[in-house]
Every structure is written in structure tokens, then in C-alpha cells.
>>> print(open('target-v4.tsv').read())   # TSV, N, CA and C atoms
chain	number	residue	atom	x	y	z
G	28	ALA	N	20.05	-39.31	49.77
G	28	ALA	CA	19.00	-40.01	50.50
G	28	ALA	C	18.05	-40.72	49.53
G	29	LEU	N	17.79	-40.07	48.39
G	29	LEU	CA	16.88	-40.68	47.41
G	29	LEU	C	17.44	-42.01	46.92
G	30	TRP	N	18.72	-42.01	46.58
G	30	TRP	CA	19.32	-43.24	46.07
G	30	TRP	C	19.39	-44.32	47.14
G	31	MET	N	19.63	-43.93	48.38
G	31	MET	CA	19.65	-44.91	49.47
G	31	MET	C	18.23	-45.47	49.68
G	32	PHE	N	17.22	-44.61	49.59
G	32	PHE	CA	15.83	-45.07	49.72
G	32	PHE	C	15.53	-46.09	48.62
G	33	ARG	N	15.91	-45.76	47.40
G	33	ARG	CA	15.65	-46.68	46.28
G	33	ARG	C	16.42	-47.99	46.44
G	34	LEU	N	17.64	-47.90	46.95
G	34	LEU	CA	18.42	-49.12	47.19
G	34	LEU	C	17.76	-49.98	48.25
G	35	GLU	N	17.37	-49.40	49.37
G	35	GLU	CA	16.72	-50.17	50.44
G	35	GLU	C	15.40	-50.76	49.95
G	36	HIS	N	14.67	-50.00	49.14
G	36	HIS	CA	13.41	-50.46	48.56
G	36	HIS	C	13.67	-51.71	47.72
G	37	ALA	N	14.68	-51.66	46.87
G	37	ALA	CA	15.01	-52.80	46.01
G	37	ALA	C	15.50	-53.99	46.81
G	38	LEU	N	16.36	-53.74	47.79
G	38	LEU	CA	16.89	-54.83	48.61
G	38	LEU	C	15.79	-55.52	49.41
G	39	ALA	N	14.82	-54.75	49.87
G	39	ALA	CA	13.69	-55.34	50.61
G	39	ALA	C	12.88	-56.25	49.69
G	40	ARG	N	12.63	-55.81	48.47
G	40	ARG	CA	11.87	-56.64	47.52
G	40	ARG	C	12.63	-57.90	47.16
G	41	LEU	N	13.93	-57.77	46.93
G	41	LEU	CA	14.74	-58.96	46.61
G	41	LEU	C	14.73	-59.96	47.76
G	42	ALA	N	14.91	-59.47	48.97
G	42	ALA	CA	14.92	-60.37	50.13
G	42	ALA	C	13.56	-61.06	50.27
G	43	ALA	N	12.48	-60.32	50.06
G	43	ALA	CA	11.15	-60.92	50.17
G	43	ALA	C	10.97	-62.02	49.14
G	44	ARG	N	11.39	-61.77	47.90
G	44	ARG	CA	11.25	-62.78	46.84
G	44	ARG	C	12.08	-64.01	47.14
G	45	ARG	N	13.14	-63.84	47.89
G	45	ARG	CA	14.00	-64.97	48.25
G	45	ARG	C	13.55	-65.65	49.54
G	46	GLY	N	12.44	-65.18	50.10
G	46	GLY	CA	11.91	-65.77	51.32
G	46	GLY	C	12.66	-65.39	52.58
G	47	ARG	N	13.41	-64.32	52.52
G	47	ARG	CA	14.20	-63.86	53.67
G	47	ARG	C	13.47	-62.72	54.36
G	48	LYS	N	12.45	-63.09	55.13
G	48	LYS	CA	11.58	-62.10	55.75
G	48	LYS	C	12.34	-61.14	56.66
G	49	ASP	N	13.23	-61.65	57.50
G	49	ASP	CA	13.95	-60.77	58.43
G	49	ASP	C	14.76	-59.72	57.67
G	50	ALA	N	15.44	-60.12	56.62
G	50	ALA	CA	16.22	-59.17	55.82
G	50	ALA	C	15.29	-58.18	55.12
G	51	ALA	N	14.18	-58.65	54.59
G	51	ALA	CA	13.22	-57.77	53.92
G	51	ALA	C	12.70	-56.72	54.90
G	52	MET	N	12.38	-57.14	56.11
G	52	MET	CA	11.87	-56.21	57.12
G	52	MET	C	12.94	-55.19	57.51
G	53	LYS	N	14.18	-55.64	57.59
G	53	LYS	CA	15.29	-54.73	57.92
G	53	LYS	C	15.45	-53.66	56.85
G	54	HIS	N	15.43	-54.06	55.60
G	54	HIS	CA	15.56	-53.09	54.51
G	54	HIS	C	14.34	-52.17	54.43
G	55	MET	N	13.18	-52.71	54.70
G	55	MET	CA	11.97	-51.89	54.69
G	55	MET	C	12.04	-50.84	55.80
G	56	ALA	N	12.51	-51.24	56.97
G	56	ALA	CA	12.67	-50.29	58.08
G	56	ALA	C	13.69	-49.21	57.73
G	57	ALA	N	14.74	-49.59	57.04
G	57	ALA	CA	15.75	-48.60	56.63
G	57	ALA	C	15.15	-47.62	55.62
G	58	ALA	N	14.34	-48.11	54.71
G	58	ALA	CA	13.67	-47.23	53.74
G	58	ALA	C	12.75	-46.26	54.46
G	59	LYS	N	12.00	-46.75	55.44
G	59	LYS	CA	11.08	-45.90	56.21
G	59	LYS	C	11.86	-44.86	57.01
G	60	ALA	N	12.99	-45.25	57.59
G	60	ALA	CA	13.81	-44.30	58.35
G	60	ALA	C	14.32	-43.18	57.44
G	61	LEU	N	14.68	-43.52	56.22
G	61	LEU	CA	15.12	-42.50	55.27
G	61	LEU	C	13.99	-41.53	54.95
G	62	LEU	N	12.79	-42.05	54.77
G	62	LEU	CA	11.64	-41.17	54.52
G	62	LEU	C	11.41	-40.25	55.72
G	63	ASP	N	11.48	-40.83	56.91
G	63	ASP	CA	11.22	-40.06	58.12
G	63	ASP	C	12.26	-38.96	58.35
G	64	SER	N	13.48	-39.20	57.93
G	64	SER	CA	14.55	-38.24	58.21
G	64	SER	C	14.79	-37.24	57.08
G	65	HIS	N	14.08	-37.38	55.98
G	65	HIS	CA	14.23	-36.47	54.84
G	65	HIS	C	12.85	-36.05	54.34
G	66	PRO	N	12.21	-35.12	55.03
G	66	PRO	CA	10.83	-34.75	54.69
G	66	PRO	C	10.64	-34.26	53.25
G	67	GLU	N	11.63	-33.56	52.71
G	67	GLU	CA	11.48	-33.07	51.34
G	67	GLU	C	11.42	-34.24	50.35
G	68	MET	N	12.31	-35.21	50.54
G	68	MET	CA	12.29	-36.40	49.69
G	68	MET	C	11.00	-37.19	49.93
G	69	ALA	N	10.57	-37.27	51.17
G	69	ALA	CA	9.40	-38.05	51.51
G	69	ALA	C	8.14	-37.55	50.80
G	70	ARG	N	8.05	-36.27	50.57
G	70	ARG	CA	6.87	-35.73	49.87
G	70	ARG	C	6.69	-36.40	48.51
G	71	GLN	N	7.78	-36.72	47.85
G	71	GLN	CA	7.68	-37.37	46.54
G	71	GLN	C	7.72	-38.89	46.63
G	72	GLN	N	8.42	-39.43	47.59
G	72	GLN	CA	8.64	-40.87	47.65
G	72	GLN	C	7.69	-41.63	48.56
G	73	GLN	N	7.01	-40.95	49.48
G	73	GLN	CA	6.10	-41.61	50.41
G	73	GLN	C	5.06	-42.49	49.71
G	74	PRO	N	4.51	-42.07	48.56
G	74	PRO	CA	3.51	-42.92	47.90
G	74	PRO	C	4.03	-44.30	47.50
G	75	PHE	N	5.35	-44.46	47.43
G	75	PHE	CA	5.90	-45.76	47.04
G	75	PHE	C	6.09	-46.70	48.22
G	76	PHE	N	5.93	-46.19	49.44
G	76	PHE	CA	6.14	-47.05	50.60
G	76	PHE	C	5.04	-48.10	50.78
G	77	PRO	N	3.75	-47.77	50.62
G	77	PRO	CA	2.73	-48.83	50.74
G	77	PRO	C	2.93	-49.96	49.72
G	78	TYR	N	3.40	-49.61	48.53
G	78	TYR	CA	3.72	-50.65	47.55
G	78	TYR	C	4.80	-51.57	48.10
G	79	LEU	N	5.85	-50.99	48.69
G	79	LEU	CA	6.92	-51.79	49.25
G	79	LEU	C	6.40	-52.68	50.38
G	80	ALA	N	5.66	-52.10	51.30
G	80	ALA	CA	5.15	-52.87	52.43
G	80	ALA	C	4.23	-53.99	51.96
G	81	GLY	N	3.40	-53.70	50.97
G	81	GLY	CA	2.52	-54.73	50.43
G	81	GLY	C	3.29	-55.83	49.72
G	82	TYR	N	4.28	-55.45	48.96
G	82	TYR	CA	5.11	-56.42	48.23
G	82	TYR	C	5.80	-57.36	49.20
G	83	VAL	N	6.40	-56.78	50.24
G	83	VAL	CA	7.08	-57.61	51.25
G	83	VAL	C	6.08	-58.53	51.94
G	84	ALA	N	4.93	-58.01	52.29
G	84	ALA	CA	3.91	-58.85	52.94
G	84	ALA	C	3.46	-59.98	52.01
G	85	LEU	N	3.21	-59.66	50.75
G	85	LEU	CA	2.74	-60.67	49.80
G	85	LEU	C	3.75	-61.80	49.66
G	86	TYR	N	5.00	-61.46	49.50
G	86	TYR	CA	6.02	-62.48	49.24
G	86	TYR	C	6.60	-63.10	50.50
G	87	THR	N	6.14	-62.67	51.67
G	87	THR	CA	6.58	-63.32	52.91
G	87	THR	C	5.40	-63.99	53.63
G	88	GLY	N	4.32	-64.22	52.89
G	88	GLY	CA	3.24	-65.05	53.41
G	88	GLY	C	2.11	-64.33	54.12
G	89	ASP	N	1.93	-63.04	53.89
G	89	ASP	CA	0.84	-62.30	54.54
G	89	ASP	C	-0.01	-61.59	53.49
G	90	PRO	N	-0.81	-62.35	52.71
G	90	PRO	CA	-1.59	-61.71	51.65
G	90	PRO	C	-2.64	-60.72	52.16
G	91	ALA	N	-3.19	-60.95	53.34
G	91	ALA	CA	-4.17	-60.00	53.89
G	91	ALA	C	-3.48	-58.68	54.23
G	92	GLY	N	-2.32	-58.76	54.83
G	92	GLY	CA	-1.55	-57.55	55.12
G	92	GLY	C	-1.13	-56.85	53.85
G	93	ALA	N	-0.81	-57.64	52.83
G	93	ALA	CA	-0.43	-57.06	51.54
G	93	ALA	C	-1.59	-56.25	50.96
G	94	LEU	N	-2.79	-56.80	51.01
G	94	LEU	CA	-3.96	-56.07	50.49
G	94	LEU	C	-4.17	-54.77	51.24
G	95	ASP	N	-4.02	-54.80	52.55
G	95	ASP	CA	-4.17	-53.57	53.34
G	95	ASP	C	-3.21	-52.49	52.84
G	96	GLN	N	-1.98	-52.89	52.58
G	96	GLN	CA	-0.98	-51.93	52.10
G	96	GLN	C	-1.27	-51.49	50.66
G	97	PHE	N	-1.59	-52.43	49.79
G	97	PHE	CA	-1.85	-52.10	48.39
G	97	PHE	C	-3.04	-51.15	48.25
G	98	ARG	N	-3.99	-51.24	49.16
G	98	ARG	CA	-5.14	-50.33	49.11
G	98	ARG	C	-4.74	-48.88	49.41
G	99	GLN	N	-3.57	-48.71	50.00
G	99	GLN	CA	-3.05	-47.36	50.26
G	99	GLN	C	-2.12	-46.88	49.14
G	100	ALA	N	-1.83	-47.76	48.21
G	100	ALA	CA	-0.94	-47.44	47.09
G	100	ALA	C	-1.76	-46.87	45.93
G	101	ASN	N	-1.08	-46.53	44.85
G	101	ASN	CA	-1.71	-45.96	43.67
G	101	ASN	C	-2.65	-46.97	43.01
G	102	GLN	N	-3.93	-46.76	43.15
G	102	GLN	CA	-4.93	-47.70	42.62
G	102	GLN	C	-5.02	-47.68	41.10
G	103	ASN	N	-4.39	-46.71	40.46
G	103	ASN	CA	-4.40	-46.64	39.00
G	103	ASN	C	-3.17	-47.30	38.39
G	104	ASP	N	-2.29	-47.81	39.21
G	104	ASP	CA	-1.08	-48.47	38.73
G	104	ASP	C	-1.41	-49.92	38.39
G	105	PRO	N	-1.25	-50.32	37.12
G	105	PRO	CA	-1.62	-51.69	36.74
G	105	PRO	C	-0.77	-52.76	37.44
G	106	PHE	N	0.46	-52.42	37.82
G	106	PHE	CA	1.29	-53.38	38.55
G	106	PHE	C	0.71	-53.62	39.93
G	107	ILE	N	0.26	-52.55	40.60
G	107	ILE	CA	-0.39	-52.69	41.90
G	107	ILE	C	-1.66	-53.53	41.74
G	108	GLN	N	-2.40	-53.30	40.68
G	108	GLN	CA	-3.62	-54.07	40.44
G	108	GLN	C	-3.30	-55.56	40.31
G	109	CYS	N	-2.22	-55.89	39.62
G	109	CYS	CA	-1.82	-57.30	39.50
G	109	CYS	C	-1.41	-57.87	40.86
G	110	LEU	N	-0.66	-57.11	41.62
G	110	LEU	CA	-0.26	-57.59	42.95
G	110	LEU	C	-1.49	-57.80	43.84
G	111	MET	N	-2.46	-56.91	43.72
G	111	MET	CA	-3.70	-57.09	44.49
G	111	MET	C	-4.41	-58.36	44.03
G	112	GLY	N	-4.42	-58.60	42.73
G	112	GLY	CA	-5.03	-59.83	42.23
G	112	GLY	C	-4.35	-61.06	42.79
G	113	MET	N	-3.02	-61.02	42.86
G	113	MET	CA	-2.27	-62.15	43.43
G	113	MET	C	-2.62	-62.36	44.89
G	114	ALA	N	-2.74	-61.27	45.64
G	114	ALA	CA	-3.08	-61.38	47.06
G	114	ALA	C	-4.48	-61.96	47.23
G	115	HIS	N	-5.42	-61.49	46.42
G	115	HIS	CA	-6.78	-62.05	46.49
G	115	HIS	C	-6.77	-63.54	46.18
G	116	GLU	N	-5.99	-63.93	45.17
G	116	GLU	CA	-5.89	-65.36	44.84
G	116	GLU	C	-5.38	-66.17	46.02
G	117	LYS	N	-4.34	-65.67	46.67
G	117	LYS	CA	-3.76	-66.39	47.81
G	117	LYS	C	-4.76	-66.51	48.96
G	118	LEU	N	-5.69	-65.56	49.02
G	118	LEU	CA	-6.73	-65.60	50.06
G	118	LEU	C	-7.96	-66.40	49.63
G	119	GLY	N	-7.91	-66.97	48.42
G	119	GLY	CA	-9.05	-67.75	47.93
G	119	GLY	C	-10.19	-66.89	47.43
G	120	GLN	N	-9.93	-65.63	47.14
G	120	GLN	CA	-10.95	-64.69	46.68
G	120	GLN	C	-10.83	-64.52	45.17
G	121	LYS	N	-11.21	-65.58	44.46
G	121	LYS	CA	-10.99	-65.66	43.01
G	121	LYS	C	-11.64	-64.51	42.25
G	122	GLU	N	-12.89	-64.21	42.53
G	122	GLU	CA	-13.60	-63.16	41.79
G	122	GLU	C	-12.96	-61.79	42.01
G	123	ASP	N	-12.55	-61.51	43.24
G	123	ASP	CA	-11.88	-60.24	43.52
G	123	ASP	C	-10.55	-60.16	42.77
G	124	GLY	N	-9.85	-61.28	42.74
G	124	GLY	CA	-8.60	-61.33	42.00
G	124	GLY	C	-8.81	-61.09	40.52
G	125	LEU	N	-9.82	-61.74	39.94
G	125	LEU	CA	-10.12	-61.55	38.52
G	125	LEU	C	-10.50	-60.11	38.21
G	126	ALA	N	-11.21	-59.48	39.12
G	126	ALA	CA	-11.57	-58.07	38.92
G	126	ALA	C	-10.32	-57.20	38.85
G	127	CYS	N	-9.35	-57.48	39.69
G	127	CYS	CA	-8.09	-56.73	39.66
G	127	CYS	C	-7.36	-56.97	38.34
G	128	TYR	N	-7.32	-58.22	37.91
G	128	TYR	CA	-6.65	-58.54	36.64
G	128	TYR	C	-7.37	-57.89	35.45
G	129	ARG	N	-8.70	-57.86	35.49
G	129	ARG	CA	-9.45	-57.21	34.41
G	129	ARG	C	-9.06	-55.73	34.30
G	130	ARG	N	-9.00	-55.10	35.43
G	130	ARG	CA	-8.65	-53.68	35.44
G	130	ARG	C	-7.23	-53.47	34.90
G	131	ALA	N	-6.30	-54.30	35.34
G	131	ALA	CA	-4.91	-54.18	34.88
G	131	ALA	C	-4.80	-54.47	33.39
G	132	SER	N	-5.57	-55.41	32.90
G	132	SER	CA	-5.49	-55.79	31.48
G	132	SER	C	-5.98	-54.69	30.55
G	133	GLN	N	-6.75	-53.77	31.09
G	133	GLN	CA	-7.33	-52.72	30.27
G	133	GLN	C	-6.52	-51.41	30.28
G	134	THR	N	-5.38	-51.43	30.92
G	134	THR	CA	-4.58	-50.21	30.97
G	134	THR	C	-4.13	-49.79	29.58
G	135	THR	N	-4.10	-48.51	29.38
G	135	THR	CA	-3.60	-47.97	28.11
G	135	THR	C	-2.28	-47.24	28.31
G	136	ALA	N	-1.73	-47.35	29.51
G	136	ALA	CA	-0.47	-46.68	29.83
G	136	ALA	C	0.68	-47.30	29.02
G	137	HIS	N	1.68	-46.51	28.79
G	137	HIS	CA	2.88	-46.96	28.09
G	137	HIS	C	4.07	-46.71	29.00
G	138	ASN	N	4.25	-47.59	29.97
G	138	ASN	CA	5.34	-47.47	30.93
G	138	ASN	C	5.73	-48.87	31.40
G	139	PRO	N	6.82	-49.01	32.13
G	139	PRO	CA	7.25	-50.35	32.56
G	139	PRO	C	6.20	-51.13	33.37
G	140	PRO	N	5.48	-50.49	34.33
G	140	PRO	CA	4.47	-51.27	35.04
G	140	PRO	C	3.40	-51.85	34.10
G	141	ALA	N	2.98	-51.06	33.13
G	141	ALA	CA	1.97	-51.53	32.18
G	141	ALA	C	2.52	-52.62	31.27
G	142	ALA	N	3.79	-52.49	30.91
G	142	ALA	CA	4.42	-53.49	30.04
G	142	ALA	C	4.43	-54.86	30.69
G	143	PHE	N	4.54	-54.90	32.01
G	143	PHE	CA	4.45	-56.18	32.72
G	143	PHE	C	2.99	-56.56	32.96
G	144	ALA	N	2.22	-55.61	33.46
G	144	ALA	CA	0.88	-55.91	33.96
G	144	ALA	C	-0.10	-56.37	32.89
G	145	ARG	N	-0.11	-55.70	31.77
G	145	ARG	CA	-1.10	-56.02	30.74
G	145	ARG	C	-1.00	-57.48	30.29
G	146	PRO	N	0.17	-57.98	29.86
G	146	PRO	CA	0.22	-59.40	29.45
G	146	PRO	C	0.04	-60.37	30.62
G	147	PHE	N	0.55	-60.00	31.80
G	147	PHE	CA	0.38	-60.86	32.97
G	147	PHE	C	-1.10	-61.02	33.30
G	148	ALA	N	-1.82	-59.91	33.33
G	148	ALA	CA	-3.24	-59.95	33.66
G	148	ALA	C	-4.04	-60.70	32.60
G	149	ARG	N	-3.71	-60.48	31.35
G	149	ARG	CA	-4.42	-61.17	30.27
G	149	ARG	C	-4.20	-62.68	30.33
G	150	LYS	N	-3.00	-63.08	30.70
G	150	LYS	CA	-2.72	-64.52	30.86
G	150	LYS	C	-3.53	-65.09	32.02
G	151	LYS	N	-3.60	-64.36	33.11
G	151	LYS	CA	-4.40	-64.82	34.26
G	151	LYS	C	-5.87	-64.94	33.87
G	152	LEU	N	-6.38	-63.96	33.13
G	152	LEU	CA	-7.78	-63.99	32.73
G	152	LEU	C	-8.06	-65.13	31.73
G	153	ALA	N	-7.11	-65.43	30.88
G	153	ALA	CA	-7.28	-66.51	29.91
G	153	ALA	C	-7.36	-67.87	30.60
G	154	GLY	N	-6.69	-67.99	31.75
G	154	GLY	CA	-6.67	-69.25	32.48
G	154	GLY	C	-7.77	-69.39	33.51
G	155	GLN	N	-8.67	-68.44	33.55
G	155	GLN	CA	-9.72	-68.50	34.57
G	155	GLN	C	-10.61	-69.65	34.35
>>> encode(input="target-v4.tsv", output="C-alpha cells")
Amino acid sequence: ALWMFRLEHALARLAARRGRKDAAMKHMAAAKALLDSHPEMARQQQPFFPYLAGYVALYTGDPAGALDQFRQANQNDPFIQCLMGMAHEKLGQKEDGLACYRRASQTTAHNPPAAFARPFARKKLAGQ
């Protein structure tokens, strides 16, 4: 179930990036169904669902919905902070977006999300 959840999670993100909202929603629903039907797995994986829902919303044209979801995700994750900054930008909320990028740029974590977020956020801040 864990691997199927991760697969559906990835397929939903890919579909969203390709502008295929219906497919993204289908994969997101499949990921949610897996969480609902496997409570033991859900205890560990549930925190990743708001990130998925926010990501799909952001890349399918719903930045306000994306922010709602990202606010339920891990606020200490620099990748989430960058995604929130992007959503704020799409909503015309430049200062809120810059605040998210500032926070992401200051991460001291050494993991894949930080490896993306730190330079991405710094580039956004340099272009302000």
C-alpha cells in the first residue's frame, strides 16, 4: 500500500505539471483512498497529503486552494515554503511570497527539499 500511495502521489504531481487536471485529481483520489483503507500506513503518510493536494491545486490553476492545503502541510519544510511563495505570487501577494522565500532561503537542513529550496528561494529574492 505504501508503494502504491507513493506511486499515485507521483502520478498526480506529474499530471498536474502537465496540465492534466482530471488525471491529477484521479490519482489524488486514489492516494486518498489508499490512506483511508490502510490506517497504519496513514499514520505516517497522512502529513504528505496536504502537500499533494496543494501541489495539484497550484499547478492546475487554483493558487488560493493551494495555499489552504499548504497551510496544513509541514511549515518547516523549505520546499513547502517555496510552493507557498509561488502561490502567493500567483495571487499577486508579492510581500507574502517574499516572506516565504526568505524563510526557505535560511534553511540549514541538508536534505533534497532544502537542496532545491535554498537556491530557488535565493534566486527569487535576488530578482525582487
>>> residues_around(input="target-v4.tsv", residues="G:Ala28", least_positions_apart="3", cutoff="8 Å", atoms="all atoms listed in the file", output="list in words")
Met31, Phe32, Arg33, Leu34, Leu61, Leu62, His65 and Met68 of chain G
>>> residues_around(input="target-v4.tsv", residues="G:Phe97", least_positions_apart="2", cutoff="7 Å", atoms="only N, CA and C atoms", output="ChimeraX atom specification")
/G:77-78,80-82,92-95,99-102,107,111
>>> closest_residue(input="target-v4.tsv", among="G:Asn138, G:Gln73, G:Val83, G:Arg98", to="G:Met52", atoms="only N, CA and C atoms")
G:Val83
>>> residues_around(input="target-v4.tsv", residues="G:Pro90", least_positions_apart="4", cutoff="6.5 Å", atoms="only N, CA and C atoms", output="PyMOL selection string")
chain G and resi 84-85+94-95+114-115+117-118
>>> atom_distance(input="target-v4.tsv", atom1="atom N of G:Tyr128", atom2="atom C of G:Arg47")
26.9 Å
>>> select_by_dssp(input="target-v4.tsv", residues="chain G", states="helix (DSSP H, G or I)", output="ChimeraX atom specification")
/G:29-44,48-64,66-86,90-97,105-117,121-132,139-153
>>> atom_distance(input="target-v4.tsv", atom1="atom CA of G:Asp63", atom2="atom CA of G:Leu29")
12.1 Å
>>> atom_distance(input="target-v4.tsv", atom1="atom N of G:Glu35", atom2="atom CA of G:Pro66")
16.9 Å
>>> closest_residue(input="target-v4.tsv", among="G:Lys59, G:His137, G:Lys48, G:Arg149", to="G:Leu125", atoms="only C-alpha atoms")
G:Arg149
>>> closest_residue(input="target-v4.tsv", among="G:Gly46, G:Tyr86, G:His36, G:Ala91", to="G:Gln72", atoms="only C-alpha atoms")
G:His36
>>> closest_residue(input="target-v4.tsv", among="G:Asp123, G:Pro105, G:Met113, G:Ala39", to="G:Ala141", atoms="only C-alpha atoms")
G:Pro105
>>> closest_residue(input="target-v4.tsv", among="G:Pro139, G:Thr87, G:Glu116, G:Ala131", to="G:Arg44", atoms="all atoms listed in the file")
G:Thr87
>>> build_atoms(input="target-v4.tsv", residues="stretch 32-41 of chain G", atoms="all heavy atoms", output="compact mmCIF listing (two decimals), keeping the file's coordinate frame")
# COMPACT_ATOMS: atom_id res chain seq x y z
N PHE G 32 17.22 -44.61 49.59
CA PHE G 32 15.83 -45.07 49.72
C PHE G 32 15.53 -46.09 48.62
O PHE G 32 14.98 -47.16 48.88
CB PHE G 32 14.86 -43.90 49.63
CG PHE G 32 13.41 -44.33 49.56
CD1 PHE G 32 12.76 -44.80 50.69
CD2 PHE G 32 12.71 -44.28 48.36
CE1 PHE G 32 11.43 -45.23 50.62
CE2 PHE G 32 11.39 -44.69 48.28
CZ PHE G 32 10.75 -45.17 49.42
N ARG G 33 15.91 -45.76 47.40
CA ARG G 33 15.65 -46.68 46.28
C ARG G 33 16.42 -47.99 46.44
O ARG G 33 15.90 -49.07 46.11
CB ARG G 33 16.00 -46.00 44.96
CG ARG G 33 15.01 -44.91 44.61
CD ARG G 33 15.35 -44.22 43.33
NE ARG G 33 14.31 -43.27 42.98
CZ ARG G 33 14.42 -42.38 42.01
NH1 ARG G 33 15.52 -42.34 41.28
NH2 ARG G 33 13.44 -41.55 41.76
N LEU G 34 17.64 -47.90 46.95
CA LEU G 34 18.42 -49.12 47.19
C LEU G 34 17.76 -49.98 48.25
O LEU G 34 17.60 -51.20 48.06
CB LEU G 34 19.85 -48.77 47.60
CG LEU G 34 20.74 -49.95 47.97
CD1 LEU G 34 20.93 -50.88 46.77
CD2 LEU G 34 22.09 -49.46 48.49
N GLU G 35 17.37 -49.40 49.37
CA GLU G 35 16.72 -50.17 50.44
C GLU G 35 15.40 -50.76 49.95
O GLU G 35 15.05 -51.89 50.28
CB GLU G 35 16.50 -49.30 51.69
CG GLU G 35 17.77 -48.87 52.38
CD GLU G 35 18.60 -50.02 52.96
OE1 GLU G 35 18.08 -51.16 53.11
OE2 GLU G 35 19.77 -49.77 53.28
N HIS G 36 14.67 -50.00 49.14
CA HIS G 36 13.41 -50.46 48.56
C HIS G 36 13.67 -51.71 47.72
O HIS G 36 12.98 -52.74 47.86
CB HIS G 36 12.86 -49.32 47.68
CG HIS G 36 11.41 -49.38 47.38
ND1 HIS G 36 10.85 -50.29 46.51
CD2 HIS G 36 10.38 -48.61 47.81
CE1 HIS G 36 9.55 -50.08 46.42
NE2 HIS G 36 9.24 -49.06 47.19
N ALA G 37 14.68 -51.66 46.87
CA ALA G 37 15.01 -52.80 46.01
C ALA G 37 15.50 -53.99 46.81
O ALA G 37 15.10 -55.14 46.56
CB ALA G 37 16.06 -52.39 44.98
N LEU G 38 16.36 -53.74 47.79
CA LEU G 38 16.89 -54.83 48.61
C LEU G 38 15.79 -55.52 49.41
O LEU G 38 15.82 -56.74 49.60
CB LEU G 38 18.00 -54.32 49.53
CG LEU G 38 19.29 -53.90 48.81
CD1 LEU G 38 20.25 -53.23 49.80
CD2 LEU G 38 19.96 -55.09 48.12
N ALA G 39 14.82 -54.75 49.87
CA ALA G 39 13.69 -55.34 50.61
C ALA G 39 12.88 -56.25 49.69
O ALA G 39 12.51 -57.37 50.08
CB ALA G 39 12.80 -54.24 51.18
N ARG G 40 12.63 -55.81 48.47
CA ARG G 40 11.87 -56.64 47.52
C ARG G 40 12.63 -57.90 47.16
O ARG G 40 12.05 -58.99 47.10
CB ARG G 40 11.52 -55.82 46.27
CG ARG G 40 10.55 -54.69 46.55
CD ARG G 40 10.01 -54.00 45.30
NE ARG G 40 10.93 -53.89 44.21
CZ ARG G 40 11.74 -52.85 43.99
NH1 ARG G 40 11.74 -51.82 44.83
NH2 ARG G 40 12.54 -52.82 42.94
N LEU G 41 13.93 -57.77 46.93
CA LEU G 41 14.74 -58.96 46.61
C LEU G 41 14.73 -59.96 47.76
O LEU G 41 14.58 -61.16 47.55
CB LEU G 41 16.17 -58.54 46.30
CG LEU G 41 16.39 -57.88 44.94
CD1 LEU G 41 17.79 -57.28 44.86
CD2 LEU G 41 16.16 -58.87 43.83
